[in-house]
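> Okay, so here is entry.cif, and as you'll see once you scroll down, it has mmCIF, C-alpha atoms.
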data_start
#
loop_
_atom_site.group_PDB
_atom_site.id
_atom_site.type_symbol
_atom_site.label_atom_id
_atom_site.label_comp_id
_atom_site.auth_asym_id
_atom_site.auth_seq_id
_atom_site.Cartn_x
_atom_site.Cartn_y
_atom_site.Cartn_z
ATOM 1 C CA MET S 1 3.308 8.853 -28.468
ATOM 2 C CA THR S 2 -0.251 7.861 -27.590
ATOM 3 C CA SER S 3 -1.105 4.366 -26.412
ATOM 4 C CA ALA S 4 -3.074 3.770 -29.616
ATOM 5 C CA ALA S 5 -0.092 4.736 -31.775
ATOM 6 C CA LEU S 6 2.243 2.521 -29.761
ATOM 7 C CA GLU S 7 -0.250 -0.333 -30.032
ATOM 8 C CA ARG S 8 -0.343 0.045 -33.824
ATOM 9 C CA ALA S 9 3.447 0.084 -33.934
ATOM 10 C CA THR S 10 3.608 -3.368 -32.304
ATOM 11 C CA TYR S 11 2.107 -4.824 -35.485
ATOM 12 C CA ARG S 12 5.473 -4.152 -37.138
ATOM 13 C CA ILE S 13 7.177 -6.460 -34.653
ATOM 14 C CA SER S 14 8.113 -10.007 -35.696
ATOM 15 C CA ASP S 15 9.295 -12.955 -33.624
ATOM 16 C CA GLN S 16 12.893 -12.124 -34.577
ATOM 17 C CA ASP S 17 12.612 -8.849 -32.639
ATOM 18 C CA LEU S 18 11.791 -10.490 -29.318
ATOM 19 C CA GLU S 19 15.368 -11.400 -28.376
ATOM 20 C CA TYR S 20 16.285 -7.708 -28.393
ATOM 21 C CA MET S 21 13.552 -6.942 -25.870
ATOM 22 C CA VAL S 22 14.576 -9.203 -22.964
ATOM 23 C CA LEU S 23 17.119 -7.729 -20.562
ATOM 24 C CA ASP S 24 20.880 -8.240 -20.657
ATOM 25 C CA ARG S 25 22.848 -8.334 -17.421
ATOM 26 C CA SER S 26 23.836 -4.680 -17.797
ATOM 27 C CA ASP S 27 20.117 -3.764 -17.757
ATOM 28 C CA LEU S 28 19.323 -5.631 -14.542
ATOM 29 C CA PRO S 29 18.723 -4.015 -11.138
ATOM 30 C CA GLU S 30 21.781 -3.888 -8.889
ATOM 31 C CA ASP S 31 20.587 -6.982 -6.990
ATOM 32 C CA PHE S 32 21.325 -9.133 -10.052
ATOM 33 C CA GLN S 33 24.436 -7.423 -11.435
ATOM 34 C CA SER S 34 26.762 -10.173 -10.179
ATOM 35 C CA TYR S 35 24.564 -13.034 -11.439
ATOM 36 C CA GLN S 36 25.302 -15.107 -14.532
ATOM 37 C CA GLN S 37 23.105 -15.944 -17.492
ATOM 38 C CA VAL S 38 21.764 -19.457 -17.022
ATOM 39 C CA ARG S 39 19.116 -19.804 -19.728
ATOM 40 C CA VAL S 40 18.273 -17.945 -22.918
ATOM 41 C CA GLY S 41 16.309 -18.694 -26.062
ATOM 42 C CA VAL S 42 13.054 -19.043 -27.922
ATOM 43 C CA LEU S 43 10.025 -20.000 -25.859
ATOM 44 C CA ASP S 44 7.516 -21.422 -28.316
ATOM 45 C CA ASN S 45 4.104 -22.817 -27.426
ATOM 46 C CA GLU S 46 5.409 -26.378 -27.218
ATOM 47 C CA ASN S 47 8.046 -25.379 -24.655
ATOM 48 C CA MET S 48 5.526 -23.314 -22.722
ATOM 49 C CA ALA S 49 3.154 -26.269 -22.512
ATOM 50 C CA ALA S 50 5.905 -28.694 -21.491
ATOM 51 C CA HIS S 51 6.830 -26.520 -18.509
ATOM 52 C CA GLY S 52 3.299 -25.354 -17.675
ATOM 53 C CA PHE S 53 0.618 -26.643 -15.355
ATOM 54 C CA ALA S 54 -1.056 -29.997 -15.945
ATOM 55 C CA GLY S 55 -3.347 -29.804 -18.948
ATOM 56 C CA SER S 56 -1.318 -27.143 -20.731
ATOM 57 C CA THR S 57 -1.061 -27.722 -24.482
ATOM 58 C CA ALA S 58 0.511 -25.891 -27.393
ATOM 59 C CA ALA S 59 -2.893 -25.863 -29.088
ATOM 60 C CA ARG S 60 -4.494 -24.090 -26.115
ATOM 61 C CA PHE S 61 -1.831 -21.393 -26.131
ATOM 62 C CA SER S 62 -2.064 -20.975 -29.889
ATOM 63 C CA GLN S 63 -5.845 -20.647 -29.695
ATOM 64 C CA ALA S 64 -5.337 -17.965 -27.048
ATOM 65 C CA GLY S 65 -3.456 -15.923 -29.651
ATOM 66 C CA ARG S 66 0.092 -16.534 -28.453
ATOM 67 C CA ILE S 67 2.584 -16.792 -31.328
ATOM 68 C CA THR S 68 5.946 -17.280 -29.594
ATOM 69 C CA GLY S 69 8.289 -15.775 -27.035
ATOM 70 C CA TYR S 70 11.905 -15.253 -26.015
ATOM 71 C CA MET S 71 13.388 -15.457 -22.519
ATOM 72 C CA ARG S 72 16.643 -14.669 -20.708
ATOM 73 C CA GLU S 73 17.264 -15.872 -17.169
ATOM 74 C CA PHE S 74 19.967 -15.084 -14.621
ATOM 75 C CA GLY S 75 21.036 -17.088 -11.577
ATOM 76 C CA PRO S 76 23.726 -17.063 -8.884
ATOM 77 C CA THR S 77 27.343 -18.032 -9.397
ATOM 78 C CA SER S 78 28.792 -21.021 -7.535
ATOM 79 C CA GLU S 79 30.485 -18.895 -4.850
ATOM 80 C CA MET S 80 27.253 -17.233 -3.717
ATOM 81 C CA ASN S 81 25.754 -18.369 -0.416
ATOM 82 C CA VAL S 82 22.116 -19.469 -0.497
ATOM 83 C CA PHE S 83 19.971 -18.489 2.501
ATOM 84 C CA ASP S 84 16.377 -17.677 3.438
ATOM 85 C CA GLY S 85 15.437 -14.581 1.451
ATOM 86 C CA PHE S 86 18.058 -15.216 -1.246
ATOM 87 C CA ASN S 87 16.892 -14.411 -4.792
ATOM 88 C CA PHE S 88 17.968 -17.442 -6.799
ATOM 89 C CA VAL S 89 16.647 -16.388 -10.208
ATOM 90 C CA GLY S 90 15.638 -13.279 -12.118
ATOM 91 C CA SER S 91 14.281 -13.461 -15.645
ATOM 92 C CA THR S 92 12.440 -11.514 -18.318
ATOM 93 C CA VAL S 93 10.317 -12.797 -21.183
ATOM 94 C CA ALA S 94 8.779 -11.101 -24.216
ATOM 95 C CA HIS S 95 5.764 -12.874 -25.755
ATOM 96 C CA LEU S 96 4.235 -11.996 -29.118
ATOM 97 C CA PHE S 97 0.462 -12.320 -29.623
ATOM 98 C CA ASP S 98 -1.827 -11.956 -32.615
ATOM 99 C CA LYS S 99 -3.607 -8.876 -31.184
ATOM 100 C CA PRO S 100 -3.669 -6.714 -28.028
ATOM 101 C CA GLU S 101 -6.958 -8.190 -26.817
ATOM 102 C CA SER S 102 -5.332 -11.617 -26.684
ATOM 103 C CA VAL S 103 -2.680 -10.289 -24.310
ATOM 104 C CA THR S 104 -5.344 -8.920 -21.971
ATOM 105 C CA SER S 105 -7.218 -12.223 -21.992
ATOM 106 C CA TRP S 106 -4.019 -14.172 -21.388
ATOM 107 C CA MET S 107 -3.134 -12.134 -18.292
ATOM 108 C CA THR S 108 -6.476 -12.760 -16.617
ATOM 109 C CA ASP S 109 -7.804 -16.020 -18.073
ATOM 110 C CA ILE S 110 -4.554 -18.005 -18.306
ATOM 111 C CA PHE S 111 -1.814 -16.463 -16.160
ATOM 112 C CA LEU S 112 -3.821 -15.550 -13.068
ATOM 113 C CA LYS S 113 -6.503 -18.234 -13.295
ATOM 114 C CA ASP S 114 -4.084 -21.091 -13.977
ATOM 115 C CA PHE S 115 -2.027 -20.239 -10.901
ATOM 116 C CA GLU S 116 -5.070 -19.803 -8.687
ATOM 117 C CA SER S 117 -6.792 -22.978 -9.876
ATOM 118 C CA ASN S 118 -3.670 -25.080 -9.196
ATOM 119 C CA VAL S 119 -3.229 -24.197 -5.524
ATOM 120 C CA GLY S 120 -2.737 -27.472 -3.650
ATOM 121 C CA GLU S 121 -1.694 -29.332 -6.793
ATOM 122 C CA SER S 122 1.633 -30.905 -7.703
ATOM 123 C CA VAL S 123 3.779 -28.692 -9.942
ATOM 124 C CA GLY S 124 6.446 -31.281 -10.759
ATOM 125 C CA GLU S 125 9.693 -32.526 -9.215
ATOM 126 C CA GLY S 126 8.020 -33.225 -5.891
ATOM 127 C CA HIS S 127 6.808 -29.624 -5.498
ATOM 128 C CA GLN S 128 3.328 -28.485 -4.468
ATOM 129 C CA LEU S 129 1.801 -25.068 -5.069
ATOM 130 C CA ILE S 130 0.930 -23.888 -1.551
ATOM 131 C CA SER S 131 -0.587 -20.462 -2.101
ATOM 132 C CA VAL S 132 -1.124 -17.699 -4.651
ATOM 133 C CA ASP S 133 -1.749 -14.056 -3.802
ATOM 134 C CA ARG S 134 -2.526 -11.306 -6.294
ATOM 135 C CA LEU S 135 -0.372 -8.185 -6.017
ATOM 136 C CA ASN S 136 -0.853 -4.646 -7.310
ATOM 137 C CA PRO S 137 1.935 -3.473 -9.622
ATOM 138 C CA SER S 138 2.142 0.206 -10.499
ATOM 139 C CA GLY S 139 3.903 2.583 -12.854
ATOM 140 C CA PHE S 140 3.223 0.773 -16.118
ATOM 141 C CA PHE S 141 2.193 2.357 -19.412
ATOM 142 C CA ASP S 142 -0.812 0.072 -19.802
ATOM 143 C CA GLU S 143 -2.364 -2.973 -18.145
ATOM 144 C CA ALA S 144 -0.355 -4.955 -15.608
ATOM 145 C CA VAL S 145 -1.097 -7.781 -13.163
ATOM 146 C CA ALA S 146 1.075 -9.560 -10.621
ATOM 147 C CA LEU S 147 1.115 -12.416 -8.143
ATOM 148 C CA LYS S 148 3.227 -14.124 -5.531
ATOM 149 C CA ALA S 149 3.202 -17.933 -5.568
ATOM 150 C CA VAL S 150 4.601 -20.113 -2.795
ATOM 151 C CA GLN S 151 5.536 -23.729 -3.371
ATOM 152 C CA GLY S 152 7.047 -26.412 -1.167
ATOM 153 C CA GLY S 153 9.344 -29.270 -2.050
ATOM 154 C CA PRO S 154 12.116 -31.539 -0.781
ATOM 155 C CA GLN S 155 14.447 -28.570 -0.202
ATOM 156 C CA GLY S 156 11.820 -26.452 1.542
ATOM 157 C CA VAL S 157 9.715 -23.454 0.550
ATOM 158 C CA VAL S 158 10.404 -21.092 -2.348
ATOM 159 C CA SER S 159 8.375 -18.152 -3.603
ATOM 160 C CA SER S 160 7.930 -16.592 -7.028
ATOM 161 C CA THR S 161 6.916 -13.008 -7.722
ATOM 162 C CA VAL S 162 5.685 -12.479 -11.286
ATOM 163 C CA ILE S 163 4.501 -9.382 -13.152
ATOM 164 C CA ASP S 164 2.726 -9.509 -16.517
ATOM 165 C CA PHE S 165 2.199 -6.287 -18.477
ATOM 166 C CA ARG S 166 0.975 -5.340 -21.936
ATOM 167 C CA VAL S 167 2.544 -3.205 -24.650
ATOM 168 C CA GLY S 168 0.169 -3.478 -27.614
ATOM 169 C CA ARG S 169 0.255 -7.100 -28.753
ATOM 170 C CA ILE S 170 3.391 -7.837 -26.710
ATOM 171 C CA LEU S 171 3.268 -9.393 -23.251
ATOM 172 C CA GLY S 172 6.215 -8.595 -21.017
ATOM 173 C CA VAL S 173 6.927 -10.841 -18.031
ATOM 174 C CA ALA S 174 9.366 -10.317 -15.167
ATOM 175 C CA PHE S 175 10.006 -13.050 -12.615
ATOM 176 C CA VAL S 176 11.992 -13.308 -9.382
ATOM 177 C CA GLY S 177 12.409 -16.583 -7.479
ATOM 178 C CA THR S 178 13.300 -16.410 -3.786
ATOM 179 C CA VAL S 179 14.224 -18.941 -1.091
ATOM 180 C CA GLY S 180 11.488 -18.917 1.545
ATOM 181 C CA ASN S 181 8.158 -17.102 1.638
ATOM 182 C CA HIS S 182 8.969 -13.563 0.517
ATOM 183 C CA ASP S 183 7.241 -10.857 -1.515
ATOM 184 C CA ARG S 184 9.588 -9.345 -4.107
ATOM 185 C CA LEU S 185 7.137 -6.975 -5.808
ATOM 186 C CA ASP S 186 9.491 -3.977 -5.629
ATOM 187 C CA LEU S 187 12.441 -5.842 -7.158
ATOM 188 C CA THR S 188 10.284 -7.577 -9.764
ATOM 189 C CA GLY S 189 8.775 -4.194 -10.576
ATOM 190 C CA LYS S 190 12.245 -2.794 -11.302
ATOM 191 C CA LEU S 191 12.874 -5.701 -13.683
ATOM 192 C CA ALA S 192 9.488 -5.272 -15.338
ATOM 193 C CA LEU S 193 9.778 -1.508 -15.812
ATOM 194 C CA ALA S 194 13.244 -1.915 -17.337
ATOM 195 C CA LEU S 195 11.770 -4.566 -19.637
ATOM 196 C CA GLU S 196 8.881 -2.290 -20.588
ATOM 197 C CA LYS S 197 11.326 0.475 -21.471
ATOM 198 C CA ARG S 198 13.365 -1.911 -23.637
ATOM 199 C CA ILE S 199 10.256 -3.254 -25.397
ATOM 200 C CA VAL S 200 9.095 0.278 -26.242
ATOM 201 C CA GLN S 201 12.572 1.148 -27.574
ATOM 202 C CA VAL S 202 12.524 -1.873 -29.888
ATOM 203 C CA VAL S 203 8.970 -1.136 -31.025
ATOM 204 C CA LEU S 204 9.801 2.486 -31.816
ATOM 205 C CA GLY S 205 12.916 1.387 -33.665
ATOM 206 C CA ALA S 206 10.757 -0.772 -35.927
ATOM 207 C CA ILE S 207 8.610 2.154 -37.103
#
Starting from the file, give its structure as structure tokens.

Amino acid sequence: MTSAALERATYRISDQDLEYMVLDRSDLPEDFQSYQQVRVGVLDNENMAAHGFAGSTAARFSQAGRITGYMREFGPTSEMNVFDGFNFVGSTVAHLFDKPESVTSWMTDIFLKDFESNVGESVGEGHQLISVDRLNPSGFFDEAVALKAVQGGPQGVVSSTVIDFRVGRILGVAFVGTVGNHDRLDLTGKLALALEKRIVQVVLGAI
């Protein structure tokens, strides 16, 4: 299937399809196979704004073309030991937009720019965003961007590696949180590519 045909097929997707796109535990890389589901559900614009950077509003996200999203997140069980380099969360999110161009704009003008413009700022719960570095993801069907963000707080430093990629008017996001300052592009890439595969399967099933 060509990219144009796949893009057209995403117009058949509704918000009810998004929950079938995010990864189940059986789909996760081996690193997360023993983790438990800790959060799952609809991620509407109000929720996005409530957990976003200062100044985030549902109206801003709606104007950017975002309709809604669905997320599933996995974390460690109580018997796991936490240490420097430990991956404490892995999650995938599928966002639905009004059109493919809105996804492209979101990746550059909201995702990347919001992180970069908030370096040095408070990000809630006594945490400060220390640094943001763009990364170069590869292997995706279409556009993809990535970053590593480091933040400090009462318990020390944690890092987040995030990949955003586009499938038509769907934005896929994979996220890995790690104790300490660590780049997890390879692991996050495995999550993201598995998510991309699942998204395409759901899109093709809707044709």
> For the PyMOL selection byres ((chain S and resi 26) around 12), applied here, can you spell out every residue it catches as a list in words?
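Matching residues under the PyMOL selection byres ((chain S and resi 26) around 12) are Val22, Leu23, Asp24, Arg25, Asp27, Leu28, Pro29, Glu30, Asp31, Phe32, Gln33, Ser34, Tyr35, Gln36, Gln37, Phe74, Leu191 and Ala194 of chain S.
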> To one decimal in Å, tell me the separation between atom CA of S:Met21 and atom CA of S:Phe175.
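Going from atom CA of S:Met21 over to atom CA of S:Phe175 covers 15.0 Å.
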> State, in Å with one decimal place, the distance from atom CA of S:Ala4 to atom CA of S:Asp109.
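According to the coordinates, atom CA of S:Ala4 and atom CA of S:Asp109 are separated by 23.4 Å.
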> Name all residues at most 12 Å from S:Phe83 (count all atoms listed in the file; drop same-chain ones fewer than 3 positions away) and give them as a list of chain:residue names.
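Selected residues are S:Met80, S:Phe86, S:Asn87, S:Phe88, S:Gln155, S:Gly156, S:Val157, S:Val158, S:Thr178, S:Val179, S:Gly180, S:Asn181.
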> For atom CA of S:Gly205 and atom CA of S:Val162, determine how far apart the two atoms are, in Å to one decimal place.
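Separation between atom CA of S:Gly205 and atom CA of S:Val162: 27.3 Å.
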> Env of S:Glu196: 12 Å cut, atoms = all atoms listed in the file, seq-sep filter 2 positions within chain, self excluded. Answer as a ChimeraX atom specification.
/S:21-23,27,92-94,139-144,163-168,170-174,189-194,198-203
> For the selection just defined, write its residues with C-alpha atoms to a file, as a JSON list (two decimals), in the frame of the given file.

[["chain", "number", "residue", "atom", "x", "y", "z"],
["S", 21, "MET", "CA", 13.55, -6.94, -25.87],
["S", 22, "VAL", "CA", 14.58, -9.20, -22.96],
["S", 23, "LEU", "CA", 17.12, -7.73, -20.56],
["S", 27, "ASP", "CA", 20.12, -3.76, -17.76],
["S", 92, "THR", "CA", 12.44, -11.51, -18.32],
["S", 93, "VAL", "CA", 10.32, -12.80, -21.18],
["S", 94, "ALA", "CA", 8.78, -11.10, -24.22],
["S", 139, "GLY", "CA", 3.90, 2.58, -12.85],
["S", 140, "PHE", "CA", 3.22, 0.77, -16.12],
["S", 141, "PHE", "CA", 2.19, 2.36, -19.41],
["S", 142, "ASP", "CA", -0.81, 0.07, -19.80],
["S", 143, "GLU", "CA", -2.36, -2.97, -18.14],
["S", 144, "ALA", "CA", -0.36, -4.96, -15.61],
["S", 163, "ILE", "CA", 4.50, -9.38, -13.15],
["S", 164, "ASP", "CA", 2.73, -9.51, -16.52],
["S", 165, "PHE", "CA", 2.20, -6.29, -18.48],
["S", 166, "ARG", "CA", 0.98, -5.34, -21.94],
["S", 167, "VAL", "CA", 2.54, -3.20, -24.65],
["S", 168, "GLY", "CA", 0.17, -3.48, -27.61],
["S", 170, "ILE", "CA", 3.39, -7.84, -26.71],
["S", 171, "LEU", "CA", 3.27, -9.39, -23.25],
["S", 172, "GLY", "CA", 6.22, -8.60, -21.02],
["S", 173, "VAL", "CA", 6.93, -10.84, -18.03],
["S", 174, "ALA", "CA", 9.37, -10.32, -15.17],
["S", 189, "GLY", "CA", 8.78, -4.19, -10.58],
["S", 190, "LYS", "CA", 12.24, -2.79, -11.30],
["S", 191, "LEU", "CA", 12.87, -5.70, -13.68],
["S", 192, "ALA", "CA", 9.49, -5.27, -15.34],
["S", 193, "LEU", "CA", 9.78, -1.51, -15.81],
["S", 194, "ALA", "CA", 13.24, -1.92, -17.34],
["S", 198, "ARG", "CA", 13.36, -1.91, -23.64],
["S", 199, "ILE", "CA", 10.26, -3.25, -25.40],
["S", 200, "VAL", "CA", 9.10, 0.28, -26.24],
["S", 201, "GLN", "CA", 12.57, 1.15, -27.57],
["S", 202, "VAL", "CA", 12.52, -1.87, -29.89],
["S", 203, "VAL", "CA", 8.97, -1.14, -31.02]]
> Determine the residue set returned by the PyMOL selection byres ((chain S and resi 124) around 10) for the present structure, and present it as a list of chain:residue names.
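Selected by the PyMOL selection byres ((chain S and resi 124) around 10) in this file: S:His51, S:Gly52, S:Phe53, S:Ala54, S:Glu121, S:Ser122, S:Val123, S:Glu125, S:Gly126, S:His127, S:Gln128, S:Leu129, S:Gly153.
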> Could you please give me, as a CSV table (one decimal) with C-alpha atoms, in the frame of the given file, the residues of protein, DNA or RNA lying at most 8 Å from (-8.6, -19.8, -21.1) in the coordinate frame of the file, considering all atoms listed in the file?

chain,number,residue,atom,x,y,z
S,60,ARG,CA,-4.5,-24.1,-26.1
S,64,ALA,CA,-5.3,-18.0,-27.0
S,105,SER,CA,-7.2,-12.2,-22.0
S,106,TRP,CA,-4.0,-14.2,-21.4
S,109,ASP,CA,-7.8,-16.0,-18.1
S,110,ILE,CA,-4.6,-18.0,-18.3
> Please expand the PyMOL selection byres ((chain S and resi 9-16) around 9) into the concrete residues it hits in this file, giving the result as a PyMOL selection string.
chain S and resi 4-8+17-20+67-70+95-96+98-99+167-170+200+202-204+206-207
> Reconstruct stretch 140-163 of chain S at the level of N, CA, C and O atoms, and format the result as a PDB file, in the coordinates of the input.

ATOM      1  N   PHE S 140       3.123   1.293 -14.763  1.00  0.00           N
ATOM      2  CA  PHE S 140       3.223   0.773 -16.118  1.00  0.00           C
ATOM      3  C   PHE S 140       2.401   1.603 -17.110  1.00  0.00           C
ATOM      4  O   PHE S 140       1.408   2.234 -16.748  1.00  0.00           O
ATOM      5  N   PHE S 141       2.814   1.573 -18.351  1.00  0.00           N
ATOM      6  CA  PHE S 141       2.193   2.357 -19.412  1.00  0.00           C
ATOM      7  C   PHE S 141       0.757   1.912 -19.664  1.00  0.00           C
ATOM      8  O   PHE S 141      -0.116   2.715 -19.959  1.00  0.00           O
ATOM      9  N   ASP S 142       0.523   0.614 -19.530  1.00  0.00           N
ATOM     10  CA  ASP S 142      -0.812   0.072 -19.802  1.00  0.00           C
ATOM     11  C   ASP S 142      -1.146  -0.970 -18.742  1.00  0.00           C
ATOM     12  O   ASP S 142      -0.676  -0.873 -17.609  1.00  0.00           O
ATOM     13  N   GLU S 143      -1.909  -1.966 -19.102  1.00  0.00           N
ATOM     14  CA  GLU S 143      -2.364  -2.973 -18.145  1.00  0.00           C
ATOM     15  C   GLU S 143      -1.205  -3.768 -17.556  1.00  0.00           C
ATOM     16  O   GLU S 143      -0.243  -4.085 -18.242  1.00  0.00           O
ATOM     17  N   ALA S 144      -1.348  -4.115 -16.278  1.00  0.00           N
ATOM     18  CA  ALA S 144      -0.355  -4.955 -15.608  1.00  0.00           C
ATOM     19  C   ALA S 144      -1.020  -5.714 -14.468  1.00  0.00           C
ATOM     20  O   ALA S 144      -1.900  -5.180 -13.792  1.00  0.00           O
ATOM     21  N   VAL S 145      -0.621  -6.958 -14.272  1.00  0.00           N
ATOM     22  CA  VAL S 145      -1.097  -7.781 -13.163  1.00  0.00           C
ATOM     23  C   VAL S 145       0.111  -8.464 -12.532  1.00  0.00           C
ATOM     24  O   VAL S 145       1.171  -8.576 -13.160  1.00  0.00           O
ATOM     25  N   ALA S 146      -0.053  -8.924 -11.300  1.00  0.00           N
ATOM     26  CA  ALA S 146       1.075  -9.560 -10.621  1.00  0.00           C
ATOM     27  C   ALA S 146       0.575 -10.537  -9.575  1.00  0.00           C
ATOM     28  O   ALA S 146      -0.569 -10.445  -9.101  1.00  0.00           O
ATOM     29  N   LEU S 147       1.437 -11.471  -9.200  1.00  0.00           N
ATOM     30  CA  LEU S 147       1.115 -12.416  -8.143  1.00  0.00           C
ATOM     31  C   LEU S 147       2.383 -12.898  -7.449  1.00  0.00           C
ATOM     32  O   LEU S 147       3.494 -12.785  -7.980  1.00  0.00           O
ATOM     33  N   LYS S 148       2.173 -13.413  -6.248  1.00  0.00           N
ATOM     34  CA  LYS S 148       3.227 -14.124  -5.531  1.00  0.00           C
ATOM     35  C   LYS S 148       2.740 -15.549  -5.313  1.00  0.00           C
ATOM     36  O   LYS S 148       1.635 -15.760  -4.778  1.00  0.00           O
ATOM     37  N   ALA S 149       3.544 -16.530  -5.735  1.00  0.00           N
ATOM     38  CA  ALA S 149       3.202 -17.933  -5.568  1.00  0.00           C
ATOM     39  C   ALA S 149       4.218 -18.586  -4.637  1.00  0.00           C
ATOM     40  O   ALA S 149       5.424 -18.344  -4.752  1.00  0.00           O
ATOM     41  N   VAL S 150       3.731 -19.399  -3.729  1.00  0.00           N
ATOM     42  CA  VAL S 150       4.601 -20.113  -2.795  1.00  0.00           C
ATOM     43  C   VAL S 150       4.450 -21.603  -3.042  1.00  0.00           C
ATOM     44  O   VAL S 150       3.328 -22.113  -3.147  1.00  0.00           O
ATOM     45  N   GLN S 151       5.586 -22.285  -3.180  1.00  0.00           N
ATOM     46  CA  GLN S 151       5.536 -23.729  -3.371  1.00  0.00           C
ATOM     47  C   GLN S 151       6.535 -24.411  -2.448  1.00  0.00           C
ATOM     48  O   GLN S 151       7.563 -23.838  -2.069  1.00  0.00           O
ATOM     49  N   GLY S 152       6.194 -25.637  -2.063  1.00  0.00           N
ATOM     50  CA  GLY S 152       7.047 -26.412  -1.167  1.00  0.00           C
ATOM     51  C   GLY S 152       7.547 -27.664  -1.858  1.00  0.00           C
ATOM     52  O   GLY S 152       6.885 -28.223  -2.729  1.00  0.00           O
ATOM     53  N   GLY S 153       8.744 -28.076  -1.461  1.00  0.00           N
ATOM     54  CA  GLY S 153       9.344 -29.270  -2.050  1.00  0.00           C
ATOM     55  C   GLY S 153      10.356 -29.879  -1.110  1.00  0.00           C
ATOM     56  O   GLY S 153      10.466 -29.482   0.054  1.00  0.00           O
ATOM     57  N   PRO S 154      11.129 -30.841  -1.614  1.00  0.00           N
ATOM     58  CA  PRO S 154      12.116 -31.539  -0.781  1.00  0.00           C
ATOM     59  C   PRO S 154      13.119 -30.613  -0.106  1.00  0.00           C
ATOM     60  O   PRO S 154      13.593 -30.887   0.998  1.00  0.00           O
ATOM     61  N   GLN S 155      13.466 -29.507  -0.763  1.00  0.00           N
ATOM     62  CA  GLN S 155      14.447 -28.570  -0.202  1.00  0.00           C
ATOM     63  C   GLN S 155      13.810 -27.450   0.617  1.00  0.00           C
ATOM     64  O   GLN S 155      14.509 -26.554   1.075  1.00  0.00           O
ATOM     65  N   GLY S 156      12.489 -27.485   0.765  1.00  0.00           N
ATOM     66  CA  GLY S 156      11.820 -26.452   1.542  1.00  0.00           C
ATOM     67  C   GLY S 156      10.924 -25.578   0.683  1.00  0.00           C
ATOM     68  O   GLY S 156      10.490 -25.960  -0.404  1.00  0.00           O
ATOM     69  N   VAL S 157      10.659 -24.376   1.181  1.00  0.00           N
ATOM     70  CA  VAL S 157       9.715 -23.454   0.550  1.00  0.00           C
ATOM     71  C   VAL S 157      10.455 -22.437  -0.311  1.00  0.00           C
ATOM     72  O   VAL S 157      11.501 -21.914   0.075  1.00  0.00           O
ATOM     73  N   VAL S 158       9.905 -22.169  -1.496  1.00  0.00           N
ATOM     74  CA  VAL S 158      10.404 -21.092  -2.348  1.00  0.00           C
ATOM     75  C   VAL S 158       9.203 -20.270  -2.806  1.00  0.00           C
ATOM     76  O   VAL S 158       8.071 -20.758  -2.847  1.00  0.00           O
ATOM     77  N   SER S 159       9.453 -19.011  -3.132  1.00  0.00           N
ATOM     78  CA  SER S 159       8.375 -18.152  -3.603  1.00  0.00           C
ATOM     79  C   SER S 159       8.760 -17.514  -4.927  1.00  0.00           C
ATOM     80  O   SER S 159       9.940 -17.297  -5.220  1.00  0.00           O
ATOM     81  N   SER S 160       7.745 -17.221  -5.723  1.00  0.00           N
ATOM     82  CA  SER S 160       7.930 -16.592  -7.028  1.00  0.00           C
ATOM     83  C   SER S 160       7.068 -15.344  -7.086  1.00  0.00           C
ATOM     84  O   SER S 160       5.882 -15.390  -6.766  1.00  0.00           O
ATOM     85  N   THR S 161       7.661 -14.237  -7.489  1.00  0.00           N
ATOM     86  CA  THR S 161       6.916 -13.008  -7.722  1.00  0.00           C
ATOM     87  C   THR S 161       6.955 -12.725  -9.218  1.00  0.00           C
ATOM     88  O   THR S 161       8.035 -12.676  -9.813  1.00  0.00           O
ATOM     89  N   VAL S 162       5.788 -12.592  -9.832  1.00  0.00           N
ATOM     90  CA  VAL S 162       5.685 -12.479 -11.286  1.00  0.00           C
ATOM     91  C   VAL S 162       4.817 -11.276 -11.646  1.00  0.00           C
ATOM     92  O   VAL S 162       3.752 -11.080 -11.067  1.00  0.00           O
ATOM     93  N   ILE S 163       5.285 -10.491 -12.608  1.00  0.00           N
ATOM     94  CA  ILE S 163       4.501  -9.382 -13.152  1.00  0.00           C
ATOM     95  C   ILE S 163       4.307  -9.597 -14.644  1.00  0.00           C
ATOM     96  O   ILE S 163       5.270  -9.869 -15.362  1.00  0.00           O
TER      97      ILE S 163
END
